[in-house]
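Source file work39.csv; content: CSV, C-alpha atoms.
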```
chain,number,residue,atom,x,y,z
K,1,MET,CA,102.4,101.2,78.3
K,2,ALA,CA,101.2,98.7,80.8
K,3,ILE,CA,98.3,99.4,83.2
K,4,ILE,CA,98.5,98.3,86.9
K,5,THR,CA,95.5,98.8,89.1
K,6,LEU,CA,95.6,98.8,92.9
K,7,THR,CA,92.7,97.6,95.2
K,8,THR,CA,93.4,97.5,98.9
K,9,ASP,CA,92.1,98.1,102.4
K,10,PHE,CA,95.2,100.3,103.2
K,11,GLY,CA,93.4,103.7,103.3
K,12,LEU,CA,95.5,106.8,102.4
K,13,GLN,CA,96.7,108.1,105.8
K,14,ASP,CA,99.8,105.8,105.9
K,15,HIS,CA,102.7,105.3,103.5
K,16,PHE,CA,101.4,101.9,102.2
K,17,VAL,CA,99.9,102.9,98.9
K,18,GLY,CA,102.7,105.3,98.0
K,19,THR,CA,105.3,102.6,98.7
K,20,LEU,CA,103.6,100.1,96.4
K,21,LYS,CA,103.7,102.7,93.6
K,22,GLY,CA,107.4,103.3,94.3
K,23,VAL,CA,108.2,99.6,94.0
K,24,ILE,CA,106.2,99.2,90.8
K,25,LEU,CA,107.8,102.2,89.1
K,26,GLY,CA,111.3,101.0,90.1
K,27,ILE,CA,110.7,97.9,88.0
K,28,ALA,CA,108.3,99.2,85.3
K,29,PRO,CA,108.9,102.9,85.1
K,30,THR,CA,106.5,103.4,82.2
K,31,ALA,CA,103.6,101.7,83.8
K,32,THR,CA,100.4,103.6,84.4
K,33,ILE,CA,99.1,103.0,87.9
K,34,VAL,CA,95.4,103.4,88.6
K,35,ASP,CA,93.8,103.4,92.1
K,36,VAL,CA,90.6,101.4,92.0
K,37,SER,CA,90.0,101.7,95.7
K,38,HIS,CA,91.9,101.9,99.0
K,39,ALA,CA,88.8,102.2,101.1
K,40,ILE,CA,87.9,98.5,101.3
K,41,PRO,CA,86.8,98.0,104.9
K,42,ALA,CA,89.8,96.6,106.8
K,43,PHE,CA,90.1,92.8,106.5
K,44,ASP,CA,86.9,92.5,104.4
K,45,VAL,CA,87.9,90.0,101.8
K,46,LEU,CA,84.4,89.7,100.3
K,47,ASP,CA,84.2,93.5,99.8
K,48,GLY,CA,87.5,93.4,98.0
K,49,ALA,CA,86.3,90.6,95.8
K,50,LEU,CA,83.1,92.4,94.8
K,51,THR,CA,85.1,95.7,94.2
K,52,ILE,CA,87.6,94.2,91.8
K,53,ALA,CA,85.0,92.1,90.0
K,54,SER,CA,83.0,95.3,89.4
K,55,ALA,CA,85.9,97.3,88.1
K,56,TYR,CA,88.4,95.2,86.2
K,57,LYS,CA,86.4,94.5,83.0
K,58,TYR,CA,86.5,98.2,82.2
K,59,PHE,CA,90.2,98.2,81.8
K,60,PRO,CA,92.0,97.2,78.6
K,61,ASP,CA,93.2,93.7,78.0
K,62,GLY,CA,96.7,93.2,79.4
K,63,SER,CA,96.0,95.1,82.6
K,64,VAL,CA,97.5,93.8,85.8
K,65,HIS,CA,95.3,94.1,88.9
K,66,VAL,CA,96.9,94.0,92.4
K,67,VAL,CA,94.2,93.1,94.9
K,68,VAL,CA,95.3,93.1,98.6
K,69,VAL,CA,92.9,92.5,101.4
K,70,ASP,CA,95.1,90.3,103.4
K,71,PRO,CA,94.3,89.5,107.1
K,72,GLY,CA,96.5,86.4,106.8
K,73,VAL,CA,99.7,88.1,105.7
K,74,GLY,CA,102.7,86.2,107.0
K,75,SER,CA,100.8,83.0,107.6
K,76,ALA,CA,100.8,79.8,105.5
K,77,ARG,CA,98.3,81.3,102.9
K,78,ARG,CA,99.9,81.4,99.4
K,79,PRO,CA,100.6,84.3,97.2
K,80,ILE,CA,99.0,83.8,93.7
K,81,VAL,CA,98.8,85.2,90.2
K,82,ALA,CA,95.8,84.5,88.0
K,83,ARG,CA,94.4,85.4,84.7
K,84,SER,CA,90.9,85.9,83.3
K,85,GLY,CA,90.7,86.5,79.6
K,86,GLY,CA,93.3,89.2,78.9
K,87,HIS,CA,93.5,90.4,82.5
K,88,TYR,CA,96.0,89.4,85.2
K,89,PHE,CA,95.5,89.4,89.0
K,90,VAL,CA,98.0,89.3,91.8
K,91,GLY,CA,97.1,88.9,95.5
K,92,PRO,CA,96.8,86.5,98.4
K,93,ASP,CA,95.1,83.1,98.1
K,94,ASN,CA,92.3,84.0,100.5
K,95,GLY,CA,89.3,84.2,98.2
K,96,VAL,CA,89.7,87.8,97.2
K,97,LEU,CA,89.4,86.8,93.5
K,98,SER,CA,86.3,84.7,94.1
K,99,ALA,CA,83.9,87.1,92.2
K,100,VAL,CA,86.2,87.0,89.1
K,101,SER,CA,85.9,84.0,86.7
K,102,VAL,CA,89.6,83.2,86.7
K,103,GLY,CA,91.0,80.6,84.4
K,104,GLU,CA,94.6,79.6,85.1
K,105,VAL,CA,96.0,80.3,88.7
K,106,ARG,CA,99.6,79.9,89.7
K,107,GLU,CA,101.3,80.1,93.1
K,108,LEU,CA,104.0,82.8,93.3
K,109,ALA,CA,107.0,80.6,94.0
K,110,SER,CA,109.9,82.4,92.2
K,111,PRO,CA,111.7,84.7,94.7
K,112,LYS,CA,113.7,86.3,92.0
K,113,TYR,CA,110.6,88.3,91.1
K,114,PHE,CA,110.1,89.5,94.8
K,115,LEU,CA,112.1,92.2,96.6
K,116,SER,CA,115.4,91.0,98.0
K,117,THR,CA,114.0,91.0,101.5
K,118,VAL,CA,110.5,89.8,102.2
K,119,SER,CA,108.9,90.9,105.4
K,120,LYS,CA,106.2,89.0,107.3
K,121,THR,CA,103.9,92.0,107.4
K,122,PHE,CA,104.0,93.7,104.0
K,123,HIS,CA,103.7,91.2,101.2
K,124,ALA,CA,101.9,93.8,99.1
K,125,ARG,CA,105.2,95.7,98.9
K,126,ASP,CA,107.6,92.8,98.9
K,127,ILE,CA,105.8,90.2,96.7
K,128,PHE,CA,102.6,91.5,95.0
K,129,ALA,CA,103.8,94.9,93.7
K,130,PRO,CA,107.1,93.6,92.2
K,131,VAL,CA,105.4,90.6,90.7
K,132,ALA,CA,102.8,92.9,89.1
K,133,ALA,CA,105.5,95.1,87.8
K,134,HIS,CA,107.5,92.2,86.3
K,135,LEU,CA,104.3,90.9,84.7
K,136,ALA,CA,103.6,94.3,83.2
K,137,ALA,CA,107.2,94.6,82.0
K,138,GLY,CA,106.8,91.4,80.0
K,139,VAL,CA,107.7,88.4,82.1
K,140,ALA,CA,105.6,85.5,81.0
K,141,PHE,CA,102.8,84.5,83.3
K,142,THR,CA,104.1,80.9,83.5
K,143,LYS,CA,107.4,82.0,84.9
K,144,PHE,CA,106.1,82.9,88.4
K,145,GLY,CA,105.4,79.5,89.7
K,146,PRO,CA,103.4,76.2,89.3
K,147,GLU,CA,99.8,76.0,88.3
K,148,ILE,CA,97.4,75.2,91.1
K,149,SER,CA,93.7,74.2,91.2
K,150,ASN,CA,93.0,74.2,94.9
K,151,TYR,CA,93.0,78.0,95.4
K,152,VAL,CA,90.6,79.5,97.9
K,153,ARG,CA,87.1,80.4,96.8
K,154,LEU,CA,84.7,82.3,99.0
K,155,ASP,CA,81.2,81.0,99.5
K,156,ILE,CA,79.5,84.2,98.3
K,157,PRO,CA,76.0,84.2,99.6
K,158,ARG,CA,73.4,83.3,96.9
K,159,PRO,CA,69.7,84.1,97.2
K,160,LYS,CA,67.4,81.1,97.9
K,161,LEU,CA,63.9,80.5,96.5
K,162,ASP,CA,61.6,78.8,99.0
K,163,GLY,CA,57.9,78.5,98.3
K,164,GLY,CA,57.8,81.4,95.9
K,165,VAL,CA,59.8,83.7,98.3
K,166,TRP,CA,63.3,84.8,97.7
K,167,HIS,CA,65.6,85.0,100.8
K,168,GLY,CA,68.7,87.0,100.5
K,169,VAL,CA,71.3,89.2,102.2
K,170,VAL,CA,72.9,92.6,101.9
K,171,LEU,CA,76.4,92.1,100.5
K,172,LYS,CA,77.8,95.6,100.8
K,173,VAL,CA,77.0,99.1,101.8
K,174,ASP,CA,78.5,101.7,99.5
K,175,ARG,CA,79.8,105.2,100.2
K,176,PHE,CA,76.3,106.7,99.7
K,177,GLY,CA,74.5,104.2,102.0
K,178,ASN,CA,73.1,102.2,99.2
K,179,LEU,CA,72.5,98.6,100.2
K,180,ILE,CA,73.8,96.2,97.5
K,181,THR,CA,71.8,92.9,97.8
K,182,ASN,CA,72.7,89.5,96.4
K,183,ILE,CA,69.8,89.5,93.9
K,184,GLY,CA,71.1,89.5,90.3
K,185,PRO,CA,69.3,89.6,87.0
K,186,GLN,CA,69.6,85.8,86.7
K,187,ASP,CA,67.6,85.4,89.8
K,188,VAL,CA,64.6,87.8,89.3
K,189,PRO,CA,64.7,89.1,85.7
K,190,PRO,CA,61.6,91.3,85.9
K,191,LEU,CA,63.3,93.6,88.4
K,192,PHE,CA,66.1,94.3,85.9
K,193,HIS,CA,64.3,94.2,82.6
K,194,SER,CA,60.7,95.5,83.2
K,195,ARG,CA,60.0,99.1,84.1
K,196,GLY,CA,58.0,99.4,87.2
K,197,ALA,CA,57.9,95.6,87.9
K,198,ALA,CA,55.7,94.7,90.9
K,199,PHE,CA,57.4,93.2,93.9
K,200,LYS,CA,57.4,93.3,97.7
K,201,MET,CA,60.6,93.2,99.8
K,202,ILE,CA,60.7,93.1,103.6
K,203,LEU,CA,64.0,94.6,104.8
K,204,GLY,CA,64.8,96.2,108.1
K,205,GLY,CA,61.3,95.8,109.2
K,206,ARG,CA,59.9,97.9,106.3
K,207,GLU,CA,58.1,96.9,103.1
K,208,ILE,CA,59.7,98.2,99.9
K,209,ASN,CA,57.7,97.9,96.7
K,210,LYS,CA,58.9,100.7,94.4
K,211,ILE,CA,61.7,100.3,91.8
K,212,PHE,CA,63.1,103.2,89.8
K,213,SER,CA,65.7,103.6,87.1
K,214,ALA,CA,67.4,106.6,88.6
K,215,TYR,CA,68.2,107.6,92.2
K,216,SER,CA,66.6,111.0,91.7
K,217,SER,CA,63.2,109.4,90.9
K,218,GLY,CA,62.4,108.5,94.5
K,219,ALA,CA,60.8,110.9,96.9
K,220,PRO,CA,63.1,112.5,99.5
K,221,GLY,CA,63.5,110.1,102.4
K,222,ALA,CA,61.7,107.3,100.7
K,223,VAL,CA,63.5,103.9,100.3
K,224,PHE,CA,63.2,102.1,96.9
K,225,ALA,CA,65.0,99.5,94.8
K,226,ILE,CA,67.2,100.2,91.8
K,227,ALA,CA,69.1,97.9,89.4
K,228,GLY,CA,72.6,99.0,90.4
K,229,SER,CA,75.8,99.4,88.4
K,230,MET,CA,77.4,96.5,90.2
K,231,GLY,CA,74.9,94.1,88.6
K,232,TYR,CA,72.9,93.6,91.8
K,233,LEU,CA,69.6,94.9,93.1
K,234,GLU,CA,70.2,97.9,95.4
K,235,ILE,CA,68.1,99.5,98.0
K,236,ALA,CA,68.6,103.2,97.9
K,237,ALA,CA,67.2,106.6,99.0
K,238,ASN,CA,67.2,109.9,97.1
K,239,GLN,CA,70.1,111.9,98.4
K,240,SER,CA,70.0,110.0,101.7
K,241,SER,CA,71.5,106.8,103.1
K,242,ALA,CA,69.2,103.8,102.9
K,243,ALA,CA,71.4,102.1,105.4
K,244,GLU,CA,70.8,104.9,108.0
K,245,ILE,CA,67.1,105.1,107.3
K,246,LEU,CA,66.6,101.4,107.8
K,247,LYS,CA,69.3,101.2,110.5
K,248,ILE,CA,70.8,98.1,108.9
K,249,GLY,CA,74.1,97.1,107.2
K,250,LYS,CA,76.0,94.3,105.5
K,251,GLY,CA,74.6,90.9,106.3
K,252,ALA,CA,71.0,92.1,106.8
K,253,GLU,CA,68.5,89.5,105.6
K,254,PHE,CA,65.4,90.2,103.5
K,255,SER,CA,62.6,88.4,101.8
K,256,LEU,CA,61.3,89.3,98.3
K,257,THR,CA,58.2,88.1,96.5
K,258,LEU,CA,56.7,88.7,93.1
K,259,PRO,CA,52.9,88.8,92.5
K,260,GLU,CA,51.5,85.5,91.4
K,261,LYS,CA,50.4,85.4,87.8
K,262,PRO,CA,46.7,85.2,87.4
K,263,PRO,CA,45.4,82.0,85.9
K,264,ARG,CA,44.9,82.1,82.2
K,265,LYS,CA,41.3,82.5,81.1
K,266,VAL,CA,39.9,79.6,79.1
K,267,ILE,CA,37.5,80.8,76.3
K,268,ARG,CA,35.1,78.1,75.4
K,269,VAL,CA,33.5,78.2,72.0
```
Show how you would write the structure in this file as structure tokens.
Amino acid sequence: MAIITLTTDFGLQDHFVGTLKGVILGIAPTATIVDVSHAIPAFDVLDGALTIASAYKYFPDGSVHVVVVDPGVGSARRPIVARSGGHYFVGPDNGVLSAVSVGEVRELASPKYFLSTVSKTFHARDIFAPVAAHLAAGVAFTKFGPEISNYVRLDIPRPKLDGGVWHGVVLKVDRFGNLITNIGPQDVPPLFHSRGAAFKMILGGREINKIFSAYSSGAPGAVFAIAGSMGYLEIAANQSSAAEILKIGKGAEFSLTLPEKPPRKVIRV
């Protein structure tokens, strides 16, 4: 039984998500459909990219991931299908797969795998859902269209080190008000591998210098850092919203420093 996941900015108040599932089941009736998220902020391609990159690796090989955050629907942007290892991705060519290390990417150029009528406003229904279903039903990846190399990649903000100071931004605010920064373990390893590592972050006009391994370890109302499940350093608060406490959101800038190592003592004999 094939697994097809759905990640969109559609919300649940309209018919959109249910319609996608109907299209998929009409082509691949034994498919298992999993909702990753339909709460991506409207038109926020970067949030969609971060969401699918955080989720897809926990599904079995052979899974097909439909990722639709598509402010350019109906325009000249291309529909694409990609694969990474044993996973397949279907969506618009607008950078929504930028956080996934995709290998081969193909333009969706075979209308026989689309619905018979393709609208200008609902490619998720008319192109992406049927292609995902055909892929899950066994149509070969190479059948959907020609391979391309000039697919769109977002310039995901990377932290910059300048004079011993890291400068970064908040990439995302999650449901709980946690601030997901763009600091990863490859940037500042001590914050991810050393318990109680010393640091100083200036964010939202406040100094943050505590890091815990659990959200419950922080004092109520206090803001602290934590190595989050998305693989980035998060700023959080115990049972509170760090975003509300600091009155900041996505795109907020911060600085981060680690204490200088003391000079090694030279023992003369």
Could you list, as JSON, numbers by chain, every residue within 7 Å of Tyr88 in chain K, counting all atoms listed in the file and ignoring same-chain residues fewer than 3 positions away?
{"K": [62, 63, 64, 65, 82, 83, 84]}
Can you list every residue of range 202-262 of chain K that has an atom at most 12 Å from range 176-188 of chain K, with its nearest atom pair and the distance in Å to one decimal, using all atoms listed in the file, ordered by chain then number, as a Markdown table?
```
| residue | atom | partner | partner_atom | distance |
| --- | --- | --- | --- | --- |
| K:Leu203 | CA | K:Leu179 | CA | 10.5 |
| K:Gly204 | CA | K:Leu179 | CA | 11.3 |
| K:Tyr215 | CA | K:Asn178 | CA | 10.1 |
| K:Val223 | CA | K:Asn178 | CA | 9.8 |
| K:Phe224 | CA | K:Asn178 | CA | 10.2 |
| K:Ala225 | CA | K:Leu179 | CA | 9.3 |
| K:Ile226 | CA | K:Ile180 | CA | 9.6 |
| K:Ala227 | CA | K:Pro185 | CA | 8.6 |
| K:Gly228 | CA | K:Ile180 | CA | 7.7 |
| K:Ser229 | CA | K:Ile180 | CA | 9.9 |
| K:Met230 | CA | K:Ile180 | CA | 8.1 |
| K:Gly231 | CA | K:Gly184 | CA | 6.2 |
| K:Tyr232 | CA | K:Gly184 | CA | 4.7 |
| K:Leu233 | CA | K:Ile183 | CA | 5.5 |
| K:Glu234 | CA | K:Ile180 | CA | 4.5 |
| K:Ile235 | CA | K:Leu179 | CA | 5.0 |
| K:Ala236 | CA | K:Asn178 | CA | 4.8 |
| K:Ala237 | CA | K:Asn178 | CA | 7.4 |
| K:Asn238 | CA | K:Asn178 | CA | 9.9 |
| K:Gln239 | CA | K:Phe176 | CA | 8.2 |
| K:Ser240 | CA | K:Gly177 | CA | 7.3 |
| K:Ser241 | CA | K:Gly177 | CA | 4.1 |
| K:Ala242 | CA | K:Gly177 | CA | 5.4 |
| K:Ala243 | CA | K:Gly177 | CA | 5.1 |
| K:Glu244 | CA | K:Gly177 | CA | 7.1 |
| K:Ile245 | CA | K:Gly177 | CA | 9.1 |
| K:Leu246 | CA | K:Leu179 | CA | 10.0 |
| K:Lys247 | CA | K:Gly177 | CA | 10.4 |
| K:Ile248 | CA | K:Leu179 | CA | 8.9 |
| K:Gly249 | CA | K:Leu179 | CA | 7.3 |
| K:Lys250 | CA | K:Leu179 | CA | 7.7 |
| K:Gly251 | CA | K:Thr181 | CA | 9.2 |
| K:Ala252 | CA | K:Thr181 | CA | 9.1 |
| K:Glu253 | CA | K:Thr181 | CA | 9.1 |
| K:Phe254 | CA | K:Thr181 | CA | 9.0 |
| K:Ser255 | CA | K:Ile183 | CA | 10.7 |
| K:Leu256 | CA | K:Ile183 | CA | 9.6 |
| K:Thr257 | CA | K:Val188 | CA | 9.6 |
| K:Leu258 | CA | K:Val188 | CA | 8.8 |
```
Can I get the selected residues back with C-alpha atoms, as a compact mmCIF listing (two decimals), in the coordinates of the input?
```txt
# COMPACT_ATOMS: atom_id res chain seq x y z
CA LEU K 203 64.00 94.60 104.80
CA GLY K 204 64.80 96.20 108.10
CA TYR K 215 68.20 107.60 92.20
CA VAL K 223 63.50 103.90 100.30
CA PHE K 224 63.20 102.10 96.90
CA ALA K 225 65.00 99.50 94.80
CA ILE K 226 67.20 100.20 91.80
CA ALA K 227 69.10 97.90 89.40
CA GLY K 228 72.60 99.00 90.40
CA SER K 229 75.80 99.40 88.40
CA MET K 230 77.40 96.50 90.20
CA GLY K 231 74.90 94.10 88.60
CA TYR K 232 72.90 93.60 91.80
CA LEU K 233 69.60 94.90 93.10
CA GLU K 234 70.20 97.90 95.40
CA ILE K 235 68.10 99.50 98.00
CA ALA K 236 68.60 103.20 97.90
CA ALA K 237 67.20 106.60 99.00
CA ASN K 238 67.20 109.90 97.10
CA GLN K 239 70.10 111.90 98.40
CA SER K 240 70.00 110.00 101.70
CA SER K 241 71.50 106.80 103.10
CA ALA K 242 69.20 103.80 102.90
CA ALA K 243 71.40 102.10 105.40
CA GLU K 244 70.80 104.90 108.00
CA ILE K 245 67.10 105.10 107.30
CA LEU K 246 66.60 101.40 107.80
CA LYS K 247 69.30 101.20 110.50
CA ILE K 248 70.80 98.10 108.90
CA GLY K 249 74.10 97.10 107.20
CA LYS K 250 76.00 94.30 105.50
CA GLY K 251 74.60 90.90 106.30
CA ALA K 252 71.00 92.10 106.80
CA GLU K 253 68.50 89.50 105.60
CA PHE K 254 65.40 90.20 103.50
CA SER K 255 62.60 88.40 101.80
CA LEU K 256 61.30 89.30 98.30
CA THR K 257 58.20 88.10 96.50
CA LEU K 258 56.70 88.70 93.10
```
Option closest in space to Val66 in chain K, from K:Leu115, K:Ile33, K:Ala132, K:Val23 [counting all atoms listed in the file]
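Comparing K:Leu115, K:Ile33, K:Ala132, K:Val23 against Val66 in chain K, the winner is K:Ala132.
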Which value, in Å to one decimal, gives the distance between CA of Tyr151 in chain K and CA of Ser110 in chain K?
17.8 Å
Non-local contacts of Pro259 in chain K (12 Å; all atoms listed in the file; under 2 positions in same chain excluded) as a PDB file with C-alpha atoms, in the frame of the given file:
```pdb
ATOM      1  CA  GLY K 164      57.800  81.400  95.900  1.00  0.00           C
ATOM      2  CA  VAL K 165      59.800  83.700  98.300  1.00  0.00           C
ATOM      3  CA  PRO K 190      61.600  91.300  85.900  1.00  0.00           C
ATOM      4  CA  ALA K 197      57.900  95.600  87.900  1.00  0.00           C
ATOM      5  CA  ALA K 198      55.700  94.700  90.900  1.00  0.00           C
ATOM      6  CA  PHE K 199      57.400  93.200  93.900  1.00  0.00           C
ATOM      7  CA  LYS K 200      57.400  93.300  97.700  1.00  0.00           C
ATOM      8  CA  MET K 201      60.600  93.200  99.800  1.00  0.00           C
ATOM      9  CA  ASN K 209      57.700  97.900  96.700  1.00  0.00           C
ATOM     10  CA  LEU K 256      61.300  89.300  98.300  1.00  0.00           C
ATOM     11  CA  THR K 257      58.200  88.100  96.500  1.00  0.00           C
ATOM     12  CA  LYS K 261      50.400  85.400  87.800  1.00  0.00           C
ATOM     13  CA  PRO K 262      46.700  85.200  87.400  1.00  0.00           C
TER      14      PRO K 262
END
```
d(CA of Pro130 in chain K, CA of Ile27 in chain K) in Å
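Pair CA of Pro130 in chain K / CA of Ile27 in chain K returns 7.0 Å.
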